[in-house]
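Student: Contents of final.tsv (TSV, C-alpha atoms) are given next:
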chain	number	residue	atom	x	y	z
A	1	MET	CA	67.50	145.77	106.43
A	2	GLU	CA	67.32	148.36	103.67
A	3	ILE	CA	64.61	147.95	101.04
A	4	ILE	CA	66.02	147.37	97.57
A	5	THR	CA	64.02	146.34	94.54
A	6	ARG	CA	64.97	143.56	92.16
A	7	GLN	CA	65.67	146.07	89.40
A	8	GLU	CA	67.94	148.18	91.63
A	9	ALA	CA	69.81	145.08	92.80
A	10	LYS	CA	70.26	143.99	89.19
A	11	GLU	CA	71.64	147.39	88.22
A	12	GLN	CA	74.10	147.27	91.14
A	13	GLY	CA	75.20	143.73	90.23
A	14	LEU	CA	73.87	142.19	93.45
A	15	SER	CA	72.73	138.57	93.78
A	16	ARG	CA	69.84	139.36	96.16
A	17	TYR	CA	67.18	141.95	96.79
A	18	PHE	CA	64.84	142.75	99.69
A	19	THR	CA	61.23	143.90	99.47
A	20	GLY	CA	60.32	143.73	103.17
A	21	LYS	CA	57.26	141.63	102.30
A	22	PRO	CA	56.74	138.08	103.68
A	23	CYS	CA	56.92	135.07	101.35
A	24	SER	CA	54.26	132.34	101.16
A	25	ARG	CA	55.77	130.81	104.33
A	26	GLU	CA	55.69	134.16	106.15
A	27	HIS	CA	59.47	134.62	105.96
A	28	ILE	CA	60.56	138.26	105.84
A	29	SER	CA	63.87	137.67	104.15
A	30	GLU	CA	66.00	138.53	101.15
A	31	ARG	CA	65.20	136.97	97.82
A	32	TYR	CA	67.45	135.60	95.12
A	33	MET	CA	67.30	137.29	91.72
A	34	MET	CA	65.13	134.40	90.49
A	35	GLY	CA	62.56	135.43	93.12
A	36	LYS	CA	63.04	132.58	95.62
A	37	CYS	CA	63.10	133.39	99.34
A	38	VAL	CA	66.57	132.90	100.91
A	39	ALA	CA	65.09	131.61	104.20
A	40	CYS	CA	62.96	129.09	102.30
A	41	SER	CA	66.03	127.87	100.41
A	42	ARG	CA	67.96	127.41	103.63
A	43	HIS	CA	65.03	125.59	105.24
A	44	GLU	CA	64.68	123.26	102.25
A	45	LYS	CA	68.40	122.57	102.21
A	46	LYS	CA	68.37	121.65	105.90
A	47	HIS	CA	65.02	119.86	106.20
A	48	GLY	CA	64.39	118.90	102.59
A	49	THR	CA	61.17	118.62	100.64
A	50	GLY	CA	59.12	115.69	99.43
A	51	GLN	CA	60.99	112.38	99.56
A	52	ARG	CA	64.06	113.95	101.15
A	53	ALA	CA	62.02	115.48	103.98
A	54	GLU	CA	60.36	112.11	104.55
A	55	ALA	CA	63.76	110.38	104.66
A	56	ILE	CA	65.08	112.94	107.18
A	57	SER	CA	62.02	112.48	109.40
A	58	LYS	CA	62.61	108.71	109.41
A	59	GLY	CA	66.30	109.16	110.18
A	60	LEU	CA	67.46	107.60	106.90
A	61	VAL	CA	70.93	108.38	105.59
A	62	HIS	CA	69.98	107.94	101.92
A	63	PHE	CA	66.87	108.35	99.83
A	64	SER	CA	65.92	107.78	96.21
A	65	THR	CA	64.06	110.20	93.97
A	66	GLY	CA	63.71	108.03	90.90
A	67	ASN	CA	65.51	110.72	88.89
A	68	VAL	CA	68.74	109.22	87.59
A	69	CYS	CA	71.92	111.31	87.83
A	70	LYS	CA	73.42	112.07	84.41
A	71	ARG	CA	76.97	111.61	85.70
A	72	CYS	CA	76.85	108.33	87.63
A	73	ASN	CA	73.55	106.93	86.33
A	74	THR	CA	72.09	106.31	89.83
A	75	ASP	CA	69.32	107.95	91.87
A	76	LYS	CA	70.75	107.41	95.37
A	77	LYS	CA	71.15	110.69	97.31
A	78	TYR	CA	72.20	111.82	100.79
A	79	SER	CA	69.30	112.88	103.01
A	80	SER	CA	71.45	115.48	104.78
A	81	SER	CA	72.38	117.50	101.69
A	82	GLY	CA	70.43	116.08	98.76
A	83	ASP	CA	73.70	115.46	96.91
A	84	CYS	CA	74.14	112.40	94.71
A	85	VAL	CA	76.00	109.75	96.76
A	86	TYR	CA	78.41	108.50	94.12
A	87	CYS	CA	79.15	111.93	92.67
A	88	HIS	CA	79.85	113.23	96.19
A	89	GLN	CA	82.16	110.30	96.94
A	90	SER	CA	83.98	110.75	93.63
A	91	LYS	CA	84.57	114.43	94.36
A	92	GLY	CA	85.83	113.55	97.84
A	93	LYS	CA	88.25	110.93	96.48
A	94	GLU	CA	89.51	113.33	93.83
A	95	LYS	CA	90.10	116.07	96.43
A	96	LYS	CA	91.96	113.65	98.69
A	97	LYS	CA	94.09	112.46	95.77
A	98	VAL	CA	95.03	116.04	94.83
A	99	TRP	CA	95.81	116.88	98.47
A	100	ARG	CA	98.03	113.81	98.87
A	101	GLU	CA	99.97	114.69	95.73
A	102	LYS	CA	100.54	118.27	96.92
A	103	ASN	CA	101.43	117.21	100.47
A	104	ARG	CA	103.11	113.87	99.79
A	105	GLU	CA	105.87	114.14	102.41
A	106	HIS	CA	103.44	115.24	105.12
A	107	TYR	CA	100.98	112.48	104.15
A	108	LEU	CA	103.66	109.75	104.27
A	109	ALA	CA	105.00	111.00	107.61
A	110	GLN	CA	101.47	111.12	109.03
A	111	ALA	CA	100.70	107.60	107.78
A	112	LYS	CA	103.95	106.26	109.25
A	113	GLU	CA	103.26	107.91	112.60
A	114	TYR	CA	99.74	106.42	112.64
A	115	ARG	CA	101.04	102.91	111.89
A	116	GLU	CA	103.61	103.15	114.68
A	117	ARG	CA	101.08	104.55	117.14
A	118	THR	CA	98.49	101.84	116.47
A	119	LYS	CA	100.88	98.93	115.91
A	120	GLN	CA	100.09	97.15	119.17
A	121	HIS	CA	96.36	97.77	118.89
A	122	ARG	CA	96.22	96.43	115.33
A	123	ARG	CA	98.19	93.34	116.32
A	124	GLU	CA	95.85	92.59	119.23
A	125	TYR	CA	92.78	93.20	117.07
A	126	SER	CA	94.15	90.90	114.36
A	127	ILE	CA	94.72	88.08	116.85
A	128	LYS	CA	91.21	88.44	118.29
A	129	TYR	CA	89.64	88.66	114.82
A	130	ARG	CA	91.41	85.56	113.55
A	131	ALA	CA	90.41	83.62	116.67
A	132	ARG	CA	86.81	84.79	116.31
A	133	THR	CA	86.52	83.94	112.60
A	134	VAL	CA	88.33	80.58	112.37
A	135	GLU	CA	85.27	78.69	111.11
A	136	GLN	CA	84.12	81.44	108.72
A	137	ARG	CA	87.56	81.76	107.14
A	138	ALA	CA	87.94	77.99	106.84
A	139	GLU	CA	84.56	77.74	105.09
A	140	TYR	CA	85.42	80.64	102.79
A	141	ASN	CA	88.79	79.09	101.86
A	142	LYS	CA	87.09	75.76	101.21
A	143	GLN	CA	84.55	77.31	98.86
A	144	HIS	CA	87.23	79.39	97.16
A	145	ARG	CA	89.33	76.30	96.45
A	146	LEU	CA	86.26	74.49	95.12
A	147	ASN	CA	85.37	77.37	92.81
A	148	ASN	CA	88.96	77.85	91.62
A	149	LEU	CA	90.29	74.30	91.62
A	150	GLU	CA	91.90	74.58	88.17
A	151	HIS	CA	93.75	77.70	89.25
A	152	TYR	CA	94.99	76.00	92.43
A	153	ASN	CA	96.17	72.92	90.52
A	154	GLU	CA	97.93	75.05	87.92
A	155	TYR	CA	99.61	77.14	90.63
A	156	ARG	CA	100.74	74.02	92.51
A	157	LYS	CA	102.10	72.45	89.32
A	158	ARG	CA	104.00	75.64	88.41
A	159	TYR	CA	105.32	75.97	91.97
A	160	MET	CA	106.67	72.42	91.96
A	161	GLN	CA	108.36	73.01	88.59
A	162	GLU	CA	109.97	76.25	89.70
A	163	LYS	CA	111.03	74.88	93.12
A	164	PRO	CA	111.69	71.14	92.71
A	165	TYR	CA	113.74	71.11	95.93
A	166	MET	CA	110.59	72.00	97.89
A	167	ASN	CA	108.72	69.09	96.32
A	168	ALA	CA	111.60	66.71	97.06
A	169	SER	CA	111.73	67.91	100.68
A	170	HIS	CA	107.98	67.51	101.07
A	171	GLN	CA	107.97	64.00	99.64
A	172	ALA	CA	110.91	62.94	101.81
A	173	THR	CA	109.16	64.24	104.92
A	174	ARG	CA	105.97	62.49	103.87
A	175	ARG	CA	107.78	59.17	103.39
A	176	ALA	CA	109.48	59.48	106.79
A	177	ILE	CA	106.17	60.14	108.52
A	178	LYS	CA	104.51	57.24	106.70
A	179	ILE	CA	107.33	54.86	107.69
A	180	LYS	CA	107.01	55.86	111.33
A	181	ALA	CA	103.23	55.46	111.15
A	182	THR	CA	103.41	51.97	109.62
A	183	PRO	CA	103.48	49.19	112.26
A	184	LYS	CA	105.60	46.09	111.59
A	185	TRP	CA	102.53	43.86	111.94
A	186	VAL	CA	100.45	45.69	109.28
A	187	ASP	CA	98.84	43.72	106.45
A	188	PHE	CA	100.59	45.16	103.38
A	189	LYS	CA	98.33	43.19	101.03
A	190	ALA	CA	95.28	44.97	102.46
A	191	ILE	CA	97.02	48.33	101.98
A	192	LYS	CA	97.90	47.39	98.41
A	193	ALA	CA	94.23	46.49	97.77
A	194	VAL	CA	93.19	50.05	98.72
A	195	TYR	CA	95.62	51.55	96.20
A	196	LEU	CA	94.48	49.08	93.55
A	197	LYS	CA	90.91	50.26	94.17
A	198	ARG	CA	92.08	53.85	93.59
A	199	ASP	CA	93.70	52.89	90.27
A	200	ARG	CA	90.58	50.99	89.18
A	201	LEU	CA	88.33	53.98	89.87
A	202	ARG	CA	90.69	56.25	87.95
A	203	HIS	CA	90.55	53.92	84.97
A	204	GLU	CA	86.76	53.43	85.08
A	205	THR	CA	85.72	57.04	85.65
A	206	GLY	CA	88.55	59.02	84.10
A	207	ARG	CA	88.66	61.14	87.25
A	208	ASP	CA	91.54	61.60	89.67
A	209	TYR	CA	91.31	59.75	92.99
A	210	HIS	CA	93.55	59.82	96.06
A	211	VAL	CA	94.07	57.48	98.99
A	212	ASP	CA	93.37	59.50	102.10
A	213	HIS	CA	94.22	58.84	105.74
A	214	ILE	CA	91.00	59.20	107.73
A	215	VAL	CA	92.97	60.18	110.82
A	216	PRO	CA	95.83	62.29	109.37
A	217	LEU	CA	99.40	61.09	109.72
A	218	ASN	CA	100.43	64.60	110.71
A	219	ASN	CA	98.02	66.72	112.74
A	220	LYS	CA	98.53	69.09	115.68
A	221	ASN	CA	96.04	67.10	117.83
A	222	VAL	CA	96.40	63.50	116.66
A	223	CYS	CA	98.53	61.35	114.34
A	224	GLY	CA	96.99	58.29	112.68
A	225	LEU	CA	98.58	55.09	111.43
A	226	HIS	CA	99.26	53.88	107.91
A	227	VAL	CA	96.97	50.87	108.23
A	228	PRO	CA	94.11	49.57	106.01
A	229	TRP	CA	91.27	50.68	108.28
A	230	ASN	CA	92.65	54.22	108.32
A	231	LEU	CA	92.63	54.48	104.51
A	232	GLN	CA	89.83	55.61	102.23
A	233	VAL	CA	89.63	56.32	98.49
A	234	MET	CA	88.21	59.73	97.65
A	235	LEU	CA	88.23	62.25	94.83
A	236	ALA	CA	91.48	64.19	94.58
A	237	ARG	CA	89.58	67.47	94.83
A	238	ASP	CA	87.95	66.45	98.13
A	239	ASN	CA	91.23	65.17	99.51
A	240	ILE	CA	93.03	68.42	98.71
A	241	ILE	CA	90.28	70.36	100.47
A	242	LYS	CA	90.37	68.01	103.46
A	243	SER	CA	94.16	68.37	103.71
A	244	ASN	CA	95.36	67.12	107.12
A	245	LYS	CA	92.24	68.14	109.02
A	246	TRP	CA	90.45	65.61	111.20
A	247	ASP	CA	86.84	65.72	112.33
A	248	CYS	CA	86.70	63.76	115.57
A	249	GLY	CA	82.87	63.83	115.41
Can you dump the structure from the file as structure tokens?

Tutor:
Amino acid sequence: MEIITRQEAKEQGLSRYFTGKPCSREHISERYMMGKCVACSRHEKKHGTGQRAEAISKGLVHFSTGNVCKRCNTDKKYSSSGDCVYCHQSKGKEKKKVWREKNREHYLAQAKEYRERTKQHRREYSIKYRARTVEQRAEYNKQHRLNNLEHYNEYRKRYMQEKPYMNASHQATRRAIKIKATPKWVDFKAIKAVYLKRDRLRHETGRDYHVDHIVPLNNKNVCGLHVPWNLQVMLARDNIIKSNKWDCG
């Protein structure tokens, strides 16, 4: 490589110069106009220095310097490049957005082709996932209803007002099931006493109570009877959450 001084490189408008002398790390390489060795810069970019080098040696994807980025106000950086994580992701999202806008027809065709190609795989995965996460999803839905009970009640009320025919159909089906589940020999006075207990609790506490069938009248595994020993008074909220589920344990 030809020797060229910093002054000569500056006069020629070059970004680097070469003295032929080794740097502090014994690299015989070009130097940037600020005086830094090009080989050292490349080594630092690849292997890092300080906390980044330590993160790379430990195989960590991210590291933190404690120096907060002025753009995103975080100090999380990639170990591989030293770039700020959130700034890098924002740039990537922006580039993808611009590309999609410029190549909209190609993007839509590619997305459609991908959906068609993976349709069967996605269906099979969905079935397996739902079977694997039955309990987790049921628990999540239960907690969500508990945390958003007012929203659920308001939605149900609005739904019944907008679609009264659905409410009428549901009530008619419910009455038919109850009639079929009520034996001729049942003690109607005992049933009435359960509903009177519900009304008394409503009056005394000011809270809404329901009469629930312990073994549901309509369940995919079992159907209970409309008899006194299959009735229990419980808070409306708990009854809505219970729905027509039955715990045989």

Student: Taking (60.4, 142.1, 106.8) in the file's coordinates as the center, which residues reach within 12 Å of it, counting all atoms listed in the file, put as a ChimeraX atom specification?

Tutor: /A:1-3,18-23,26-31,37,39

Student: Choose the residue, out of A:Asp83, A:Glu124, A:Glu135, A:Asp212, that has the smallest atom-to-atom separation from Val194 in chain A; count all atoms listed in the file.

Tutor: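 Smallest distance to Val194 in chain A is found for A:Asp212.
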
Student: Between CA of Lys93 in chain A and CA of Glu105 in chain A, what is the spacing in Å?

Tutor: 18.9 Å

Student: Determine, counting only C-alpha atoms, which protein, DNA and RNA residues have an atom within 10 Å of an atom of Phe63 in chain A; residues of the same chain fewer than 5 positions away are not included. Present the result as a list in words.

Tutor: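 Listing them by chain and then by number gives Gln51, Arg52, Ala53, Glu54, Ala55, Ile56, Asp75, Lys76, Lys77, Tyr78, Ser79, Ser80, Gly82, Cys84 and Val85 of chain A.
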
Student: Next, write the just-selected residues to a file, as a tab-separated table (two decimals), in the coordinates of the input, keeping C-alpha atoms as the atom set.

Tutor:
chain	number	residue	atom	x	y	z
A	51	GLN	CA	60.99	112.38	99.56
A	52	ARG	CA	64.06	113.95	101.15
A	53	ALA	CA	62.02	115.48	103.98
A	54	GLU	CA	60.36	112.11	104.55
A	55	ALA	CA	63.76	110.38	104.66
A	56	ILE	CA	65.08	112.94	107.18
A	75	ASP	CA	69.32	107.95	91.87
A	76	LYS	CA	70.75	107.41	95.37
A	77	LYS	CA	71.15	110.69	97.31
A	78	TYR	CA	72.20	111.82	100.79
A	79	SER	CA	69.30	112.88	103.01
A	80	SER	CA	71.45	115.48	104.78
A	82	GLY	CA	70.43	116.08	98.76
A	84	CYS	CA	74.14	112.40	94.71
A	85	VAL	CA	76.00	109.75	96.76

Student: What is the CA of Tyr86 in chain A-CA of Arg71 in chain A distance in Å, reported with one decimal?

Tutor: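 Computing the Euclidean distance for CA of Tyr86 in chain A and CA of Arg71 in chain A yields 9.1 Å.
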
Student: Enter the distance from CA of Asn239 in chain A to CA of Tyr209 in chain A, in Å, rounded to one decimal.

Tutor: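 Answer for the CA of Asn239 in chain A to CA of Tyr209 in chain A separation: 8.5 Å.
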
Student: Pick the closest to Lys242 in chain A from A:Phe188, A:Glu150, A:Ala138, A:Val222: which is it, counting all atoms listed in the file?

Tutor: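 Closest candidate: A:Ala138.
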
Student: Around range 146-160 of chain A, fit a box with edges along x, y and z, padding it by 5 Å on each side, then list its centre and edge lengths in Å to one decimal as AutoDock Vina command-line options.

Tutor:
--center_x 96.0 --center_y 75.1 --center_z 91.5 --size_x 31.3 --size_y 15.4 --size_z 17.2

Student: Which residue, A:Leu235, A:Val227, A:Val186, A:Val215, has the smallest gap to Arg202 in chain A when you use all atoms listed in the file?

Tutor: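 Among the listed residues, A:Leu235 lies closest to Arg202 in chain A.
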
Student: From the list A:Thr182, A:Lys245, A:Lys142, A:Lys189, which residue is nearest Pro216 in chain A when using only C-alpha atoms?

Tutor: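 Comparing A:Thr182, A:Lys245, A:Lys142, A:Lys189 against Pro216 in chain A, the winner is A:Lys245.
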
Student: Please provide as a list in words all residues within 10 Å of His213 in chain A, with the sequence filter that same-chain residues fewer than 5 positions apart are discarded (counting all atoms listed in the file).

Tutor: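 Skipping anything fewer than 5 positions along the chain leaves Asn218, Cys223, Gly224, Leu225, His226, Val227, Pro228, Trp229, Asn230, Leu231, Gln232, Val233, Asn239, Ser243, Asn244 and Trp246 of chain A.
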
Student: Closest to Tyr152 in chain A among A:Thr118, A:His203, A:Ile241, A:Arg104, using all atoms listed in the file?

Tutor: A:Ile241
